[in-house]
Amino acid sequence: MGVLIKNGTVVTAESEFQSDVYMEGETIAAIGKNLPQKDGDEVIDAAGKYILPGGVDQHVHFSFTYNGSKVRGFETSDAAAVGGTTTLIEFVNQEKGKGLIETLENYKASDADGIAMVDYAFHSVMTDPREEVIEEIPKMAEAGYPTMKLFMAYKGMFFHADDDAILKALQKGKEAGVTIMVHAENADMIDVLTKQLIAEGKTAPYYHAVSRPPVVEAEATRRAIYLAELADAPIYIVHVTCREALEEIKQAYSRGQAVYGETCAHYLVLDTEDLAKPDFEGAKYVCSPALRTEEHRKALWEAVDRKWLNAISSDHCGFDYENQKHMGFGEGKSFADIPNGAPGLQNRINILWTYGVCQGKLSPSRLVDLCCTMPAKINGLQTKGRIETGCDGDIVIFDPDYRGTMSVKNNLEGVDYSPFEGFEQKGRPDTVFLRGQKIVESGKYIGQKGQGKFVPGKPFGAAYKG
Ligand code: URP
Ligand code: ZN
Ligand code: ZN
């Protein structure tokens, strides 16, 4: 008994074509015109709709803590499903005194297994670069964790990493095909500017952007690229936001260096001016790097279209506005006390369809490459992000005629606000399958808690392909 999706337009990273898709068990069994129906099959007519691979969101925070404030976790992963994302990759900060794999396995057992509603993988975040921890990096690849991030930003926080740790991680990672990722912002520059702004009484959320202008990101991006050159290892830059950082990446390409990178949906559609909203509302938009101006958004749209950037993630961070973002409000408080990060898991693909595809900035194929295929390849998820026989039956039937408005009222992220409140929405994932099981119907989640499975990644992901 399988599922036969008929008459849709299949979109892959390379092309679009009219086809049926047949799923049997957990996998895609056939793709072609006029596929035969077998007894007991469910048949879905997808005429007028697109058939996309399930999205892969490789930048999600379900365990991030900032100044003691913790985000929502995997119990809200149905938000990914209704947004057309069937695999997500969560950043897990190494616990002090514990190993990388030990931390990942503890977190997986306590916070993901039996809870997740879509499939999942993990990136390790190295916070404690002792010699024995560096030596553990190659073992991560064998255990199904072939990626690791280091935070160049966030001076004074336990997860900040210096150049010493990044260089050693790059050198050790390449022995076993572990892809090293960095959050590229110069922590000292931010620290100096933050202290100066606060001393001048400039404490409102808007000054978050003033404390970390584009040069802060460009400097760290350049430094990370040179560290990777020295180690002769590939590098992946998470959440690239500005023209200057893009220039560093483009120059590295022209030197022949393997530099991969992503941006995130909010950097393409939100603005520094959002941080200036009155009555502390700007706090909703405090994320790092900071939101940028129109000039940078234009550069980012061009970069994702022209493959200078390889993926678009959500950097989802589910902090509430009322009781968490408000930690930066009141006497003696400032933008530096506001937890960094914004929710966005549910609307990543909707934003890119409405403001990318519908505005002629991205083709549907480019969207699929950025949101599904490349994130899977970068992370060594070999059966995800593609519509091909033998791949997992992760399928989104996307209705381009749907019209709606994005709002926290119809959002499953479990957070009390959405940074995309009131945004017009064109199109939506109508029906979503996770490994052949229907988990979304008419835009509503119908799956079950714990239905998601851990997907081990393979080492030597796309960044190693040069
Ligand atoms: O502001 C952000 N992006 N918060 C999440 C942690 C990070 O820096 O990625
Ligand atoms: Zn970051
Ligand atoms: Zn992040």
# chains A, B, ... in the order shown; residues from 1 in each chain; ligands from 1
>>> select_by_dssp(residues="segment 113-149 of chain A", states="strand (DSSP E or B)", output="ChimeraX atom specification")
/A:119-125,147-149
>>> closest_atom_pairs(of="chain A", to="ligand 2", cutoff="10 Å", atoms="only C-alpha atoms and all ligand atoms", output="CSV")
residue,atom,partner,partner_atom_place_in_ligand_line,distance
A:His59,CA,ligand 2,1 (Zn),8.9
A:His61,CA,ligand 2,1 (Zn),9.7
A:Phe91,CA,ligand 2,1 (Zn),9.9
A:Lys149,CA,ligand 2,1 (Zn),9.2
A:Leu150,CA,ligand 2,1 (Zn),9.0
A:Phe151,CA,ligand 2,1 (Zn),6.8
A:Met152,CA,ligand 2,1 (Zn),8.8
A:Ala153,CA,ligand 2,1 (Zn),7.8
A:Tyr154,CA,ligand 2,1 (Zn),9.2
A:Val182,CA,ligand 2,1 (Zn),7.8
A:His183,CA,ligand 2,1 (Zn),4.7
A:Ala184,CA,ligand 2,1 (Zn),7.7
A:Glu185,CA,ligand 2,1 (Zn),8.7
A:Ile237,CA,ligand 2,1 (Zn),9.6
A:Val238,CA,ligand 2,1 (Zn),6.8
A:His239,CA,ligand 2,1 (Zn),6.7
A:Val240,CA,ligand 2,1 (Zn),9.6
A:Cys287,CA,ligand 2,1 (Zn),8.4
A:Ser288,CA,ligand 2,1 (Zn),6.0
A:Pro289,CA,ligand 2,1 (Zn),7.0
A:Asp315,CA,ligand 2,1 (Zn),7.6
A:Asn340,CA,ligand 2,1 (Zn),8.9
A:Gly341,CA,ligand 2,1 (Zn),8.4
>>> atom_distance(atom1="atom CA of Phe335 of chain A", atom2="atom CA of Val60 of chain A")
22.7 Å
>>> residues_around(residues="segment 20-24 of chain A", least_positions_apart="4", cutoff="9 Å", atoms="only C-alpha atoms", output="JSON, numbers by chain")
{"A": [1, 2, 3, 4, 5, 6, 7, 8, 9, 10, 28, 29, 30, 31, 32, 33, 34, 35, 37, 46, 51, 387, 389, 392, 393, 435, 436]}
>>> residues_around(residues="Gly452 of chain A", least_positions_apart="6", cutoff="7 Å", atoms="only C-alpha atoms", output="PyMOL selection string")
chain A and resi 116-120
>>> residues_around(residues="segment 210-215 of chain A", least_positions_apart="2", cutoff="10 Å", atoms="only C-alpha atoms", output="PyMOL selection string")
chain A and resi 185-187+189-198+202+205-208+217-221+241-245+272+288-292+296+335-336
>>> write_last_selection(atoms="N, CA, C and O atoms", output="short mmCIF file (atom, residue, chain, number, x, y, z; two decimals), in the first residue's frame")
data_model
loop_
_atom_site.label_atom_id
_atom_site.label_comp_id
_atom_site.auth_asym_id
_atom_site.auth_seq_id
_atom_site.Cartn_x
_atom_site.Cartn_y
_atom_site.Cartn_z
N GLU A 185 31.46 37.01 13.89
CA GLU A 185 31.41 38.41 14.31
C GLU A 185 32.57 38.62 15.29
O GLU A 185 32.83 37.73 16.12
N ASN A 186 33.21 39.78 15.21
CA ASN A 186 34.35 40.07 16.07
C ASN A 186 33.84 40.43 17.48
O ASN A 186 33.24 41.50 17.69
N ALA A 187 34.11 39.54 18.44
CA ALA A 187 33.54 39.68 19.79
C ALA A 187 34.09 40.92 20.51
O ALA A 187 33.35 41.59 21.25
N MET A 189 35.22 43.80 19.16
CA MET A 189 34.63 45.03 18.59
C MET A 189 33.25 45.27 19.20
O MET A 189 32.91 46.38 19.59
N ILE A 190 32.46 44.20 19.27
CA ILE A 190 31.09 44.32 19.80
C ILE A 190 31.14 44.74 21.28
O ILE A 190 30.38 45.62 21.72
N ASP A 191 32.06 44.15 22.01
CA ASP A 191 32.16 44.42 23.44
C ASP A 191 32.50 45.90 23.70
O ASP A 191 31.86 46.55 24.54
N VAL A 192 33.47 46.41 22.94
CA VAL A 192 33.87 47.82 23.13
C VAL A 192 32.70 48.74 22.78
O VAL A 192 32.33 49.63 23.56
N LEU A 193 32.10 48.52 21.62
CA LEU A 193 31.00 49.41 21.19
C LEU A 193 29.82 49.32 22.15
O LEU A 193 29.19 50.34 22.47
N THR A 194 29.51 48.12 22.62
CA THR A 194 28.38 47.94 23.54
C THR A 194 28.60 48.75 24.82
O THR A 194 27.70 49.49 25.27
N LYS A 195 29.79 48.64 25.39
CA LYS A 195 30.06 49.36 26.64
C LYS A 195 29.99 50.87 26.41
O LYS A 195 29.45 51.61 27.24
N GLN A 196 30.52 51.32 25.27
CA GLN A 196 30.48 52.76 24.98
C GLN A 196 29.04 53.25 24.81
O GLN A 196 28.66 54.30 25.34
N LEU A 197 28.24 52.50 24.09
CA LEU A 197 26.84 52.91 23.86
C LEU A 197 26.08 52.97 25.18
O LEU A 197 25.35 53.93 25.45
N ILE A 198 26.27 51.96 26.01
CA ILE A 198 25.54 51.94 27.30
C ILE A 198 25.97 53.13 28.16
O ILE A 198 25.14 53.80 28.78
N LYS A 202 22.68 54.95 25.49
CA LYS A 202 22.01 54.44 24.28
C LYS A 202 21.70 52.96 24.51
O LYS A 202 22.47 52.08 24.11
N PRO A 205 16.64 48.86 22.06
CA PRO A 205 16.95 47.73 21.16
C PRO A 205 17.66 48.14 19.86
O PRO A 205 18.51 47.41 19.36
N TYR A 206 17.35 49.33 19.33
CA TYR A 206 17.95 49.77 18.07
C TYR A 206 19.49 49.74 18.14
O TYR A 206 20.17 49.42 17.15
N TYR A 207 20.05 50.03 19.34
CA TYR A 207 21.51 50.13 19.47
C TYR A 207 22.19 48.77 19.38
O TYR A 207 23.41 48.70 19.24
N HIS A 208 21.39 47.71 19.42
CA HIS A 208 21.95 46.38 19.16
C HIS A 208 22.63 46.38 17.78
O HIS A 208 23.75 45.87 17.63
N GLU A 217 31.15 41.92 11.22
CA GLU A 217 30.92 40.62 10.58
C GLU A 217 31.97 40.36 9.49
O GLU A 217 32.49 39.24 9.36
N ALA A 218 32.29 41.40 8.73
CA ALA A 218 33.25 41.23 7.63
C ALA A 218 34.62 40.84 8.16
O ALA A 218 35.27 39.93 7.62
N GLU A 219 35.04 41.49 9.24
CA GLU A 219 36.37 41.19 9.80
C GLU A 219 36.45 39.72 10.23
O GLU A 219 37.41 39.01 9.93
N ALA A 220 35.42 39.26 10.94
CA ALA A 220 35.44 37.88 11.44
C ALA A 220 35.32 36.88 10.28
O ALA A 220 35.93 35.80 10.32
N THR A 221 34.54 37.24 9.27
CA THR A 221 34.39 36.34 8.12
C THR A 221 35.75 36.18 7.44
O THR A 221 36.18 35.06 7.14
N THR A 241 25.04 38.15 6.55
CA THR A 241 23.98 39.16 6.49
C THR A 241 24.33 40.40 5.66
O THR A 241 23.45 41.23 5.44
N CYS A 242 25.59 40.59 5.28
CA CYS A 242 25.92 41.91 4.71
C CYS A 242 26.84 41.81 3.48
O CYS A 242 27.51 40.79 3.27
N ARG A 243 26.81 42.90 2.73
CA ARG A 243 27.59 43.00 1.48
C ARG A 243 29.08 42.78 1.74
O ARG A 243 29.76 42.07 0.99
N GLU A 244 29.60 43.36 2.82
CA GLU A 244 31.03 43.28 3.09
C GLU A 244 31.47 41.83 3.37
O GLU A 244 32.54 41.41 2.92
N ALA A 245 30.66 41.08 4.11
CA ALA A 245 31.01 39.67 4.37
C ALA A 245 30.92 38.86 3.08
O ALA A 245 31.75 37.97 2.83
N THR A 272 16.83 46.95 9.69
CA THR A 272 17.33 47.62 10.90
C THR A 272 16.24 48.48 11.53
O THR A 272 16.16 48.61 12.75
N SER A 288 21.50 38.08 16.24
CA SER A 288 22.89 38.36 15.85
C SER A 288 23.33 37.43 14.73
O SER A 288 23.05 36.23 14.81
N PRO A 289 24.05 38.00 13.71
CA PRO A 289 24.29 39.42 13.47
C PRO A 289 22.96 40.19 13.43
O PRO A 289 21.89 39.60 13.34
N ALA A 290 23.06 41.51 13.46
CA ALA A 290 21.84 42.33 13.49
C ALA A 290 21.18 42.40 12.11
O ALA A 290 21.82 42.12 11.10
N LEU A 291 19.91 42.78 12.11
CA LEU A 291 19.23 43.04 10.84
C LEU A 291 19.94 44.18 10.12
O LEU A 291 20.55 45.04 10.76
N ARG A 292 19.86 44.17 8.80
CA ARG A 292 20.59 45.16 7.99
C ARG A 292 19.62 46.03 7.19
O ARG A 292 18.41 45.88 7.29
N HIS A 296 21.97 45.86 1.86
CA HIS A 296 22.49 44.53 2.17
C HIS A 296 21.49 43.45 1.75
O HIS A 296 21.89 42.38 1.28
N PHE A 335 19.96 46.84 25.59
CA PHE A 335 19.86 45.88 24.49
C PHE A 335 20.76 44.66 24.73
O PHE A 335 20.47 43.56 24.27
N ALA A 336 21.86 44.84 25.49
CA ALA A 336 22.78 43.72 25.71
C ALA A 336 22.17 42.65 26.62
O ALA A 336 22.69 41.53 26.69
#
